[in-house]
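Asker: To start, I am sharing the structure in question, which I have written as structure tokens.
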Amino acid sequence: MNISLEGKVALITGAGSGIGAATARLIAQSGGFVAVTGIPEAGINAVSGEINSAGGEAIAIPVDASDSDQLKAAIAATVEKFGRLDIVVASAGIQMHNEDVDLHQLPEEAWDRTHDVNYRGVMLTCKHALAQMVEQGGGGRIVIISSITGISGRSANVSYLSGKTGLLGLNRYIAVHYAKYGIRCNAVLPGALELTPNHDQHPNAAGREKLMNETIPLGRLGTPEDIAPMVTFLCSDEARYASGGQFVVDGGITVI
């Protein structure tokens, strides 16, 4: 199956690294125009530059996903550049490993900051994207990057876990209530990747890698390039009957 997104316009949050960056590259390779958004600027500039150098078409827009005005402006800039908005991938996320601790000891600031980006930020991304898609007509595709922590209680990071769980409800809501506009929404739930969000803050990165390699049935941690094909497929016409789904891409860890 050859997935084509020829002429489709996509905006991706958190696209300066990780899943967002890998998805931006793959959507561009599939013929889509891409707005690469996120912070810091160096990351999104590098990804958009790489896409343009390879013959694709991308723009870089600095966006803090927790800022409603910045998100709204990014969508407006995307439409101004490319004429419309067909696809949104809500990929921005943080993980405050050292501060997002046991609930009875949790600093409330860690909860607030994590949810500002991972939960509220995705809501705001979807809100402004939906407004544009409804206004322009013709449907649309939204993919929310959740996590297998959204269907498991294993993560030690309570703020991260609870936010990723909430995204699954947001996904179902959009799928049901915006189907009448021809808008599909799905959630992708990645498993443990080689680099977690804010990987440099992980208290025991080497120990985590050893444990995961021994636990995951496929025998290795995932990469952003393992996740991007599922995201890109869900953005395509080949997935035209998929909406409200939760698509796990985790090397088999959730089935043991």
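Chains: A, B, ... in order of the structure tokens. Residues: from 1 per chain. Ligands: from 1, in order shown.
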In region 85-150 of chain A, what's alpha helix (DSSP H) per DSSP? Answer as a list in words?

Answerer: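 Matching residues, listed in order: Glu108, Glu109, Ala110, Trp111, Asp112, Arg113, Thr114, His115, Gly121, Val122, Met123, Leu124, Thr125, Cys126, Lys127, His128, Ala129, Leu130, Ala131, Gln132, Met133, Val134, Glu135 and Gln136 of chain A.
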
Asker: Put those residues in a file: C-alpha atoms, as an mmCIF file, in the first residue's frame.

Answerer:
```
data_model
loop_
_atom_site.group_PDB
_atom_site.id
_atom_site.type_symbol
_atom_site.label_atom_id
_atom_site.label_comp_id
_atom_site.auth_asym_id
_atom_site.auth_seq_id
_atom_site.Cartn_x
_atom_site.Cartn_y
_atom_site.Cartn_z
ATOM 1 C CA GLU A 108 1.475 20.855 42.505
ATOM 2 C CA GLU A 109 3.557 22.904 40.095
ATOM 3 C CA ALA A 110 4.662 19.682 38.376
ATOM 4 C CA TRP A 111 1.030 18.612 37.949
ATOM 5 C CA ASP A 112 0.041 22.024 36.578
ATOM 6 C CA ARG A 113 2.924 22.329 34.119
ATOM 7 C CA THR A 114 2.537 18.779 32.805
ATOM 8 C CA HIS A 115 -1.193 19.193 32.257
ATOM 9 C CA GLY A 121 -2.218 21.996 25.188
ATOM 10 C CA VAL A 122 -3.666 19.156 23.129
ATOM 11 C CA MET A 123 -7.195 20.384 23.864
ATOM 12 C CA LEU A 124 -6.256 23.865 22.641
ATOM 13 C CA THR A 125 -4.574 22.437 19.546
ATOM 14 C CA CYS A 126 -7.701 20.478 18.702
ATOM 15 C CA LYS A 127 -10.010 23.382 19.534
ATOM 16 C CA HIS A 128 -8.359 25.796 17.120
ATOM 17 C CA ALA A 129 -7.868 23.119 14.464
ATOM 18 C CA LEU A 130 -11.529 22.142 14.642
ATOM 19 C CA ALA A 131 -12.617 25.766 14.293
ATOM 20 C CA GLN A 132 -10.607 26.054 11.077
ATOM 21 C CA MET A 133 -11.743 22.698 9.696
ATOM 22 C CA VAL A 134 -15.417 23.371 10.387
ATOM 23 C CA GLU A 135 -15.207 26.843 8.839
ATOM 24 C CA GLN A 136 -13.442 25.757 5.662
#
```

Asker: Show me, as a PyMOL selection string, the residues that have an atom within 10 Å of Ala24 (chain A) when counting only C-alpha atoms, minus same-chain residues fewer than 2 positions from it.

Answerer: chain A and resi 10-17+19-22+26-30+32-37+47-48+51+58+89+228+232

Asker: Have a look at A:Gly137, A:Asp237, A:Ala92, A:Asp67 and name the one nearest to Met1 (chain A); count only C-alpha atoms.

Answerer: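 Nearest candidate to Met1 (chain A) out of A:Gly137, A:Asp237, A:Ala92, A:Asp67: A:Asp237.
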
Asker: Got a sec: who's within 9 Å of Ala242 (chain A), counting only C-alpha atoms, leaving out chain neighbours fewer than 4 positions off, as a CSV table (one decimal) with C-alpha atoms, in the first residue's frame?

Answerer:
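As written to disk, around.csv reads:
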```csv
chain,number,residue,atom,x,y,z
A,184,ARG,CA,-11.9,12.0,11.9
A,185,CYS,CA,-9.9,11.8,15.2
A,186,ASN,CA,-7.8,8.9,16.4
A,234,LEU,CA,-4.3,7.5,10.2
```

Asker: When distances are computed from only C-alpha atoms, which of A:Asn45, A:Ser243, A:Thr215, A:Ser159 shows the smallest separation from Val188 (chain A)?

Answerer: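 For Val188 (chain A), the nearest of the given residues is A:Ser243.
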
Asker: Go ahead and compute the interatomic distance for CA of Ala65 (chain A) and CA of Glu41 (chain A), in Å to one decimal.

Answerer: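 Pair CA of Ala65 (chain A) / CA of Glu41 (chain A) returns 13.2 Å.
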
Asker: Determine, counting only C-alpha atoms, which protein, DNA and RNA residues have an atom within 10 Å of an atom of Arg220 (chain A); residues of the same chain fewer than 2 positions away are not included. Present the result as a list in words.

Answerer: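 Residues meeting the cut-off are Ala192, Leu193, Glu194, Glu209, Lys210, Leu211, Met212, Asn213, Glu214, Thr215, Ile216, Pro217, Leu218, Gly222, Thr223, Asp250 and Gly251 of chain A.
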
Asker: Name the closest residue to Asn98 (chain A) among the candidates A:Val158, A:Ala187, A:Ala73, A:Val176; distances are taken between atoms, counting only C-alpha atoms.

Answerer: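 Closest residue, counting only C-alpha atoms: A:Val158.
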
Asker: Tell me, counting only C-alpha atoms, for each residue of region 138-182 of chain A within 10 Å of region 245-248 of chain A, which pair of atoms is nearest and how far apart they are in Å to one decimal, in rows ordered by chain and increasing number, as a Markdown table.

Answerer:
```
| residue | atom | partner | partner_atom | distance |
| --- | --- | --- | --- | --- |
| A:Val143 | CA | A:Gly245 | CA | 9.9 |
| A:Ile144 | CA | A:Gln246 | CA | 9.5 |
| A:Ile145 | CA | A:Phe247 | CA | 9.8 |
| A:Ser146 | CA | A:Gln246 | CA | 8.9 |
| A:Ser147 | CA | A:Val248 | CA | 8.1 |
| A:Ile148 | CA | A:Val248 | CA | 7.0 |
| A:Ile151 | CA | A:Val248 | CA | 9.8 |
| A:Leu168 | CA | A:Gln246 | CA | 7.5 |
| A:Asn171 | CA | A:Gly245 | CA | 8.0 |
| A:Arg172 | CA | A:Gly245 | CA | 7.7 |
| A:Ala175 | CA | A:Gly245 | CA | 8.6 |
```

Asker: What are the DSSP strand (DSSP E or B) residues of region 89-216 of chain A, as a list of chain:residue names?

Answerer: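 Taking region 89-216 of chain A and keeping strand (DSSP E or B) gives A:Val89, A:Ala90, A:Gly140, A:Arg141, A:Ile142, A:Val143, A:Ile144, A:Ile145, A:Ile183, A:Arg184, A:Cys185, A:Asn186, A:Ala187, A:Val188, A:Leu189, A:Pro190, A:Leu193.
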
Asker: Just to be explicit: take each residue in the selection above, keep N, CA and C atoms, and write the result as a PDB file, in the first residue's frame.

Answerer:
```pdb
ATOM      1  N   VAL A  89      -1.595  16.915  13.878  1.00  0.00           N
ATOM      2  CA  VAL A  89      -1.037  15.895  14.762  1.00  0.00           C
ATOM      3  C   VAL A  89      -0.611  16.594  16.047  1.00  0.00           C
ATOM      4  N   ALA A  90      -1.296  16.280  17.136  1.00  0.00           N
ATOM      5  CA  ALA A  90      -1.017  16.893  18.436  1.00  0.00           C
ATOM      6  C   ALA A  90       0.009  16.029  19.163  1.00  0.00           C
ATOM      7  N   GLY A 140     -11.514  16.696   7.789  1.00  0.00           N
ATOM      8  CA  GLY A 140     -10.186  16.847   8.359  1.00  0.00           C
ATOM      9  C   GLY A 140      -9.792  15.596   9.122  1.00  0.00           C
ATOM     10  N   ARG A 141      -8.526  15.545   9.501  1.00  0.00           N
ATOM     11  CA  ARG A 141      -7.994  14.395  10.228  1.00  0.00           C
ATOM     12  C   ARG A 141      -7.168  14.913  11.402  1.00  0.00           C
ATOM     13  N   ILE A 142      -7.445  14.418  12.584  1.00  0.00           N
ATOM     14  CA  ILE A 142      -6.688  14.770  13.780  1.00  0.00           C
ATOM     15  C   ILE A 142      -6.130  13.493  14.376  1.00  0.00           C
ATOM     16  N   VAL A 143      -4.863  13.522  14.731  1.00  0.00           N
ATOM     17  CA  VAL A 143      -4.252  12.413  15.459  1.00  0.00           C
ATOM     18  C   VAL A 143      -3.660  12.960  16.744  1.00  0.00           C
ATOM     19  N   ILE A 144      -4.082  12.383  17.851  1.00  0.00           N
ATOM     20  CA  ILE A 144      -3.603  12.762  19.179  1.00  0.00           C
ATOM     21  C   ILE A 144      -2.571  11.733  19.636  1.00  0.00           C
ATOM     22  N   ILE A 145      -1.405  12.209  20.032  1.00  0.00           N
ATOM     23  CA  ILE A 145      -0.378  11.300  20.557  1.00  0.00           C
ATOM     24  C   ILE A 145      -0.584  11.152  22.062  1.00  0.00           C
ATOM     25  N   ILE A 183     -14.898  15.095   9.955  1.00  0.00           N
ATOM     26  CA  ILE A 183     -13.615  15.135  10.662  1.00  0.00           C
ATOM     27  C   ILE A 183     -13.426  13.841  11.433  1.00  0.00           C
ATOM     28  N   ARG A 184     -12.291  13.193  11.207  1.00  0.00           N
ATOM     29  CA  ARG A 184     -11.932  11.982  11.941  1.00  0.00           C
ATOM     30  C   ARG A 184     -10.881  12.320  12.999  1.00  0.00           C
ATOM     31  N   CYS A 185     -10.935  11.615  14.123  1.00  0.00           N
ATOM     32  CA  CYS A 185      -9.932  11.789  15.169  1.00  0.00           C
ATOM     33  C   CYS A 185      -9.555  10.422  15.716  1.00  0.00           C
ATOM     34  N   ASN A 186      -8.264  10.186  15.865  1.00  0.00           N
ATOM     35  CA  ASN A 186      -7.767   8.940  16.430  1.00  0.00           C
ATOM     36  C   ASN A 186      -6.610   9.233  17.375  1.00  0.00           C
ATOM     37  N   ALA A 187      -6.367   8.289  18.273  1.00  0.00           N
ATOM     38  CA  ALA A 187      -5.254   8.402  19.217  1.00  0.00           C
ATOM     39  C   ALA A 187      -4.236   7.310  18.954  1.00  0.00           C
ATOM     40  N   VAL A 188      -2.975   7.678  18.964  1.00  0.00           N
ATOM     41  CA  VAL A 188      -1.886   6.710  18.880  1.00  0.00           C
ATOM     42  C   VAL A 188      -1.222   6.624  20.245  1.00  0.00           C
ATOM     43  N   LEU A 189      -1.010   5.401  20.700  1.00  0.00           N
ATOM     44  CA  LEU A 189      -0.464   5.147  22.029  1.00  0.00           C
ATOM     45  C   LEU A 189       0.906   4.477  21.898  1.00  0.00           C
ATOM     46  N   PRO A 190       1.971   5.274  21.841  1.00  0.00           N
ATOM     47  CA  PRO A 190       3.310   4.686  21.755  1.00  0.00           C
ATOM     48  C   PRO A 190       3.684   3.987  23.055  1.00  0.00           C
ATOM     49  N   LEU A 193       9.929   4.353  24.345  1.00  0.00           N
ATOM     50  CA  LEU A 193      10.853   4.708  23.281  1.00  0.00           C
ATOM     51  C   LEU A 193      12.268   4.875  23.825  1.00  0.00           C
TER      52      LEU A 193
END
```
